[in-house]
>>> print(open('entry-v3.txt').read())   # compact mmCIF, C-alpha atoms
# COMPACT_ATOMS: atom_id res chain seq x y z
CA TYR A 1 48.96 4.80 -6.20
CA HIS A 2 45.23 5.48 -6.13
CA ARG A 3 44.85 7.62 -3.02
CA TYR A 4 46.77 9.78 -0.55
CA TRP A 5 45.47 10.17 3.02
CA VAL A 6 46.38 12.42 5.94
CA ALA A 7 45.27 11.96 9.55
CA GLU A 8 43.84 14.20 12.24
CA HIS A 9 46.22 14.52 15.19
CA HIS A 10 46.54 17.34 17.69
CA ASN A 11 49.35 18.67 19.89
CA MET A 12 51.92 16.53 18.06
CA PRO A 13 54.93 18.48 16.77
CA GLY A 14 55.72 15.90 14.10
CA ILE A 15 52.32 15.91 12.36
CA ALA A 16 51.07 18.90 10.36
CA SER A 17 47.55 17.73 9.48
CA SER A 18 45.59 18.80 12.57
CA ALA A 19 43.35 20.93 10.29
CA THR A 20 42.79 17.83 8.16
CA ALA A 21 40.21 19.15 5.70
CA VAL A 22 42.38 22.21 4.99
CA VAL A 23 45.39 20.02 4.18
CA ILE A 24 43.25 17.76 1.98
CA GLY A 25 42.07 20.80 0.01
CA HIS A 26 45.68 21.91 -0.50
CA LEU A 27 46.73 18.44 -1.69
CA ALA A 28 43.75 18.12 -4.03
CA SER A 29 44.45 21.55 -5.54
CA ALA A 30 48.04 20.52 -6.30
CA THR A 31 47.09 17.22 -8.00
CA GLN A 32 44.89 16.13 -10.88
CA THR A 33 43.69 12.55 -10.56
CA ILE A 34 44.73 10.90 -7.29
CA ARG A 35 42.07 10.52 -4.58
CA VAL A 36 42.81 12.51 -1.42
CA GLY A 37 41.28 11.80 1.94
CA SER A 38 41.43 11.47 5.69
CA GLY A 39 42.97 8.60 7.56
CA GLY A 40 41.11 9.75 9.44
CA ILE A 41 38.84 12.37 10.86
CA MET A 42 38.31 11.66 14.57
CA LEU A 43 34.53 11.95 14.58
CA PRO A 44 34.01 12.41 18.36
CA ASN A 45 35.91 15.72 18.02
CA HIS A 46 33.31 17.12 15.60
CA ALA A 47 29.60 17.46 14.94
CA PRO A 48 28.65 15.16 12.03
CA LEU A 49 27.04 18.10 10.21
CA MET A 50 30.30 20.06 10.28
CA VAL A 51 32.24 17.11 8.85
CA ALA A 52 29.60 16.68 6.14
CA GLU A 53 29.88 20.37 5.22
CA GLN A 54 33.68 20.29 5.09
CA PHE A 55 33.95 17.13 3.01
CA GLY A 56 30.90 18.04 0.95
CA THR A 57 32.69 21.27 0.05
CA LEU A 58 35.84 19.35 -0.86
CA ALA A 59 33.85 16.88 -2.96
CA THR A 60 32.13 19.75 -4.77
CA LEU A 61 35.47 21.42 -5.53
CA TYR A 62 37.17 18.13 -6.49
CA PRO A 63 34.46 15.72 -7.72
CA ASN A 64 35.06 11.97 -7.37
CA ARG A 65 38.43 12.51 -5.68
CA ILE A 66 37.68 12.83 -1.95
CA ASP A 67 37.65 10.02 0.65
CA LEU A 68 36.41 10.31 4.24
CA GLY A 69 38.00 7.86 6.66
CA ILE A 70 36.67 8.23 10.22
CA GLY A 71 37.76 6.94 13.60
CA ARG A 72 36.58 7.20 17.20
CA ALA A 73 39.89 7.92 18.98
CA PRO A 74 40.66 11.52 20.01
CA GLY A 75 43.91 11.65 18.02
CA THR A 76 45.65 13.30 20.96
CA ASP A 77 46.14 13.32 24.74
CA GLY A 78 43.39 13.83 27.31
CA LEU A 79 44.18 17.48 28.09
CA THR A 80 44.20 18.45 24.42
CA MET A 81 40.98 16.50 23.89
CA GLN A 82 39.36 18.67 26.56
CA ALA A 83 40.59 21.82 24.81
CA LEU A 84 39.20 20.52 21.50
CA ARG A 85 35.77 19.43 22.66
CA ARG A 86 34.96 21.78 25.55
CA ASN A 87 31.90 19.68 26.32
CA LEU A 88 33.07 16.20 27.27
CA ALA A 89 29.53 14.84 27.59
CA ALA A 90 30.00 13.30 24.15
CA SER A 91 31.16 9.69 24.35
CA VAL A 92 32.79 7.20 22.01
CA GLU A 93 29.61 5.19 22.60
CA ASP A 94 27.90 7.78 20.37
CA PHE A 95 30.18 6.84 17.47
CA PRO A 96 27.82 4.45 15.60
CA ARG A 97 24.98 6.98 15.79
CA ASP A 98 27.29 9.77 14.60
CA VAL A 99 28.43 7.65 11.64
CA VAL A 100 24.83 7.07 10.55
CA GLU A 101 24.06 10.77 10.99
CA LEU A 102 27.08 11.68 8.86
CA GLN A 103 25.95 9.27 6.13
CA HIS A 104 22.51 10.89 6.24
CA TYR A 105 23.88 14.39 5.65
CA LEU A 106 25.89 13.26 2.62
CA LYS A 107 22.89 11.65 0.91
CA PRO A 108 20.35 13.61 -1.17
CA VAL A 109 17.98 15.78 0.85
CA GLN A 110 14.73 13.99 1.69
CA PRO A 111 11.24 15.56 1.69
CA GLY A 112 10.67 17.34 4.97
CA GLN A 113 14.36 17.29 5.97
CA ARG A 114 14.93 20.51 7.90
CA VAL A 115 18.72 20.35 8.37
CA SER A 116 21.00 19.64 5.42
CA ALA A 117 24.68 19.99 4.59
CA THR A 118 25.29 22.77 2.06
CA PRO A 119 27.49 21.84 0.24
CA GLY A 120 27.43 18.16 1.11
CA ALA A 121 23.97 16.81 0.51
CA GLY A 122 23.99 14.44 -2.44
CA THR A 123 27.79 14.23 -2.72
CA GLU A 124 27.80 10.79 -1.06
CA VAL A 125 31.50 11.04 -0.24
CA PRO A 126 32.82 7.48 0.32
CA ILE A 127 33.12 6.84 4.05
CA TRP A 128 35.58 4.33 5.50
CA ILE A 129 35.60 3.02 9.07
CA LEU A 130 39.09 3.09 10.55
CA GLY A 131 40.14 0.93 13.47
CA SER A 132 42.89 -0.76 15.43
CA SER A 133 40.67 -3.22 17.32
CA LEU A 134 37.66 -5.46 16.79
CA TYR A 135 35.22 -2.60 17.46
CA GLY A 136 35.82 -0.87 14.13
CA ALA A 137 35.69 -4.18 12.28
CA GLN A 138 32.31 -5.03 13.79
CA LEU A 139 30.84 -1.59 13.07
CA ALA A 140 32.10 -1.54 9.47
CA ALA A 141 30.65 -5.01 8.93
CA MET A 142 27.29 -4.10 10.46
CA LEU A 143 26.93 -0.93 8.35
CA GLY A 144 28.34 -2.49 5.15
CA MET A 145 31.22 -0.05 4.86
CA PRO A 146 34.85 -0.42 3.74
CA PHE A 147 37.27 -1.06 6.60
CA ALA A 148 40.82 0.28 7.05
CA PHE A 149 42.95 -1.24 9.82
CA ALA A 150 45.88 0.58 11.42
CA SER A 151 48.21 -2.40 11.25
CA HIS A 152 51.20 -0.16 10.50
CA PHE A 153 51.34 0.89 14.18
CA ALA A 154 48.86 -1.41 16.01
CA PRO A 155 49.08 -4.91 14.52
CA THR A 156 47.93 -6.89 17.60
CA TYR A 157 44.35 -7.58 16.46
CA LEU A 158 45.04 -7.55 12.72
CA MET A 159 44.01 -11.07 11.74
CA ALA A 160 41.13 -11.23 14.22
CA ALA A 161 39.77 -7.90 12.92
CA ILE A 162 39.96 -9.02 9.29
CA GLN A 163 38.20 -12.30 10.08
CA THR A 164 35.50 -10.55 12.15
CA TYR A 165 34.84 -7.99 9.44
CA ARG A 166 34.57 -10.53 6.62
CA GLU A 167 32.43 -13.01 8.58
CA GLN A 168 29.98 -10.38 9.89
CA PHE A 169 29.78 -8.16 6.80
CA LYS A 170 26.28 -7.16 5.67
CA PRO A 171 25.94 -5.77 2.12
CA SER A 172 24.70 -2.18 1.87
CA GLU A 173 23.67 0.31 -0.79
CA THR A 174 27.27 1.46 -1.12
CA LEU A 175 29.21 -1.79 -0.74
CA LYS A 176 28.14 -5.28 -1.78
CA ALA A 177 31.15 -7.24 -0.51
CA PRO A 178 33.75 -6.66 2.24
CA TYR A 179 36.71 -4.47 1.30
CA VAL A 180 39.81 -4.34 3.49
CA MET A 181 42.63 -1.77 3.42
CA LEU A 182 45.63 -2.36 5.68
CA GLY A 183 48.27 0.10 6.83
CA PHE A 184 51.76 -1.13 5.95
CA ASN A 185 55.18 0.35 6.71
CA LEU A 186 57.57 0.61 3.77
CA CYS A 187 61.24 1.54 3.89
CA ALA A 188 62.76 0.70 0.52
CA ALA A 189 66.23 1.76 -0.67
CA ASP A 190 68.98 0.69 -3.05
CA THR A 191 70.41 -1.78 -0.52
CA ASN A 192 69.13 -3.67 2.51
CA ALA A 193 71.69 -1.99 4.76
CA GLN A 194 70.66 1.49 3.66
CA ALA A 195 66.98 0.68 4.17
CA HIS A 196 67.53 -0.54 7.73
CA PHE A 197 69.53 2.61 8.49
CA LEU A 198 66.79 4.88 7.10
CA ARG A 199 64.12 2.97 9.02
CA SER A 200 65.66 4.04 12.33
CA SER A 201 63.91 7.40 11.96
CA SER A 202 60.42 5.89 12.07
CA LEU A 203 61.42 3.54 14.90
CA GLN A 204 62.75 6.42 16.95
CA SER A 205 59.55 8.34 16.35
CA PHE A 206 57.42 5.35 17.43
CA VAL A 207 59.44 4.75 20.61
CA ASN A 208 59.48 8.45 21.49
CA LEU A 209 55.69 8.56 21.20
CA ARG A 210 55.33 5.57 23.51
CA ARG A 211 57.70 7.29 25.96
CA GLY A 212 55.39 10.30 25.98
CA ALA A 213 57.85 12.52 24.11
CA PRO A 214 56.49 13.00 20.55
CA GLY A 215 58.38 15.28 18.21
CA PRO A 216 59.46 15.83 14.61
CA LEU A 217 60.77 12.83 12.69
CA PRO A 218 64.40 12.30 13.88
CA GLU A 219 67.42 11.83 11.64
CA PRO A 220 68.44 8.18 11.15
CA ILE A 221 71.13 6.73 13.41
CA GLU A 222 73.13 3.51 13.38
CA GLY A 223 72.36 0.76 15.87
CA PHE A 224 69.15 2.23 17.27
CA GLU A 225 67.32 -1.07 17.80
CA ALA A 226 70.25 -2.53 19.74
CA SER A 227 70.06 0.39 22.18
CA LEU A 228 66.46 -0.31 23.18
CA ALA A 229 65.24 -1.95 26.35
CA PRO A 230 63.77 -5.45 25.90
CA ALA A 231 60.15 -4.23 26.16
CA GLU A 232 60.77 -1.58 23.52
CA GLN A 233 62.46 -4.11 21.27
CA GLN A 234 59.32 -6.25 21.48
CA MET A 235 57.18 -3.26 20.42
CA VAL A 236 59.44 -2.65 17.43
CA GLU A 237 59.38 -6.34 16.47
CA ALA A 238 55.56 -6.29 16.53
CA ILE A 239 55.47 -3.43 14.04
CA GLY A 240 57.89 -5.38 11.87
CA GLN A 241 55.12 -7.90 11.17
CA CYS A 242 53.46 -5.22 9.01
CA SER A 243 56.57 -3.75 7.41
CA ALA A 244 58.82 -4.21 4.40
CA VAL A 245 62.41 -3.04 4.77
CA GLY A 246 65.13 -3.53 2.18
CA ASP A 247 65.94 -3.30 -1.51
CA LEU A 248 63.39 -3.86 -4.28
CA ALA A 249 63.60 -7.66 -4.26
CA THR A 250 63.37 -7.81 -0.47
CA VAL A 251 60.38 -5.50 -0.08
CA GLN A 252 58.59 -7.15 -2.98
CA ALA A 253 58.89 -10.53 -1.28
CA GLN A 254 57.80 -9.10 2.08
CA ILE A 255 54.80 -7.29 0.61
CA GLY A 256 53.81 -10.43 -1.30
CA ALA A 257 53.96 -12.52 1.87
CA PHE A 258 51.82 -9.98 3.75
CA LEU A 259 49.21 -9.92 0.99
CA ALA A 260 49.13 -13.72 0.91
CA GLN A 261 48.69 -13.84 4.70
CA THR A 262 45.93 -11.22 4.92
CA GLY A 263 44.21 -11.22 1.53
CA ALA A 264 44.09 -7.42 1.74
CA ASP A 265 42.23 -5.66 -1.07
CA GLU A 266 44.47 -2.60 -0.75
CA LEU A 267 47.56 -1.46 1.16
CA MET A 268 48.13 2.04 2.51
CA LEU A 269 51.91 2.39 2.38
CA VAL A 270 53.66 4.60 4.94
CA SER A 271 57.29 5.64 4.40
CA SER A 272 58.41 7.68 7.40
CA ILE A 273 61.87 8.57 6.13
CA PHE A 274 63.77 11.70 7.19
CA ASP A 275 65.27 12.63 3.81
CA PRO A 276 62.46 13.66 1.40
CA GLU A 277 64.37 12.34 -1.63
CA GLN A 278 64.88 8.96 0.03
CA ARG A 279 61.20 8.95 1.06
CA LEU A 280 60.17 9.51 -2.55
CA LYS A 281 62.56 6.76 -3.65
CA SER A 282 60.93 4.39 -1.18
CA TYR A 283 57.47 5.09 -2.59
CA GLU A 284 58.77 4.63 -6.14
CA LEU A 285 60.26 1.24 -5.28
CA GLY A 286 57.04 0.32 -3.49
CA ALA A 287 55.04 1.10 -6.63
CA ILE A 288 57.35 -1.05 -8.73
CA ALA A 289 57.06 -3.91 -6.24
CA MET A 290 53.27 -3.75 -6.30
CA GLN A 291 53.21 -3.65 -10.09
CA ASN A 292 55.50 -6.68 -10.27
CA LEU A 293 53.29 -8.58 -7.83
CA ALA A 294 50.16 -7.69 -9.81
CA GLN A 295 51.74 -8.86 -13.07
CA ALA A 296 52.87 -12.11 -11.47
CA ASP A 297 49.32 -12.70 -10.21
CA GLU A 298 47.65 -12.21 -13.61
CA PRO A 299 48.42 -15.72 -14.96
CA GLN A 300 47.11 -17.25 -11.73
CA ARG A 301 43.86 -15.26 -12.02
CA ALA A 302 43.45 -16.40 -15.63
CA ALA A 303 43.97 -20.00 -14.56
CA ARG A 304 41.33 -19.64 -11.84
>>> encode(input="entry-v3.txt", output="structure tokens")
Amino acid sequence: YHRYWVAEHHNMPGIASSATAVVIGHLASATQTIRVGSGGIMLPNHAPLMVAEQFGTLATLYPNRIDLGIGRAPGTDGLTMQALRRNLAASVEDFPRDVVELQHYLKPVQPGQRVSATPGAGTEVPIWILGSSLYGAQLAAMLGMPFAFASHFAPTYLMAAIQTYREQFKPSETLKAPYVMLGFNLCAADTNAQAHFLRSSSLQSFVNLRRGAPGPLPEPIEGFEASLAPAEQQMVEAIGQCSAVGDLATVQAQIGAFLAQTGADELMLVSSIFDPEQRLKSYELGAIAMQNLAQADEPQRAAR
């Protein structure tokens, strides 16, 4: 694993990273080498200067270890968004301008520049565009930025977004070629049956959110998918396109097939498992699967 990201959400009992920069600082202080970042900061909730100061401070405290993923969704419901922003004159249509302004604050101070981020200026924290539609893909391509797609919960436009981003990408000072990270659900266990049982927690959480009743991650239960209405079963099946569930051999094959389909440069694995020990086991098996796939690919790379 190269990085660990947490996301900004508000008024959601099951997510503890609403103060995202604070949580990132805590994680970075407890680790030594792994990159820590946001997946993401919801930029319309904040002034670009404030984000630059927060992440510039983090980058100064933990050099070369901080990532800044940004999105344009509110990360919450409409009422909470109003409580967050106070002034709702700001629009998601301002997002491209805000991204460029944020980039500006993280670059070295220019002659005559009257407002600068302190700390922040000159840190050039890597910025990623996050998205779940074609909009983020187009913006990331236009600005020459790395692109992370939320396929782990919104896979509908996955392939179209990847194609759009790669076809429209324009090289920039920070990135010469397109770079795609994809969210991917992982529920790995000793047996296939155990993995499917453990996965019921994340499925319950997903369905509860769509029902308008978010909460802490539920305990796993048997037969959850069979209890769902047809429309909810279709939602769960859609997420399954970007998921690996099973023992080591099963998840390795599923991850390999997903990589072959998408050509992703990087996967962001998400293991929403109720038992912390089983969650850690899932990430361990995921790491082994990725290592095995990388080793299997080495002879093919040499041949090419």
>>> atom_distance(input="entry-v3.txt", atom1="CA of Leu217 in chain A", atom2="CA of Val180 in chain A")
28.6 Å
>>> atom_distance(input="entry-v3.txt", atom1="CA of His10 in chain A", atom2="CA of Phe206 in chain A")
16.2 Å
>>> residues_around(input="entry-v3.txt", residues="Tyr179 in chain A", least_positions_apart="2", cutoff="8 Å", atoms="all atoms listed in the file", output="ChimeraX atom specification")
/A:145-147,177,181,264-265
>>> closest_residue(input="entry-v3.txt", among="A:Ala244, A:Ala260, A:Leu209, A:Met268", to="Gly14 in chain A", atoms="only C-alpha atoms")
A:Leu209
>>> residues_around(input="entry-v3.txt", residues="range 50-60 of chain A", least_positions_apart="4", cutoff="6 Å", atoms="all atoms listed in the file", output="list in words")
Ile66, Ala117, Pro119 and Gly120 of chain A
>>> write_last_selection(input="entry-v3.txt", atoms="C-alpha atoms", output="PDB file, in the frame of the given file")
ATOM      1  CA  ILE A  66      37.680  12.830  -1.950  1.00  0.00           C
ATOM      2  CA  ALA A 117      24.680  19.990   4.590  1.00  0.00           C
ATOM      3  CA  PRO A 119      27.490  21.840   0.240  1.00  0.00           C
ATOM      4  CA  GLY A 120      27.430  18.160   1.110  1.00  0.00           C
TER       5      GLY A 120
END
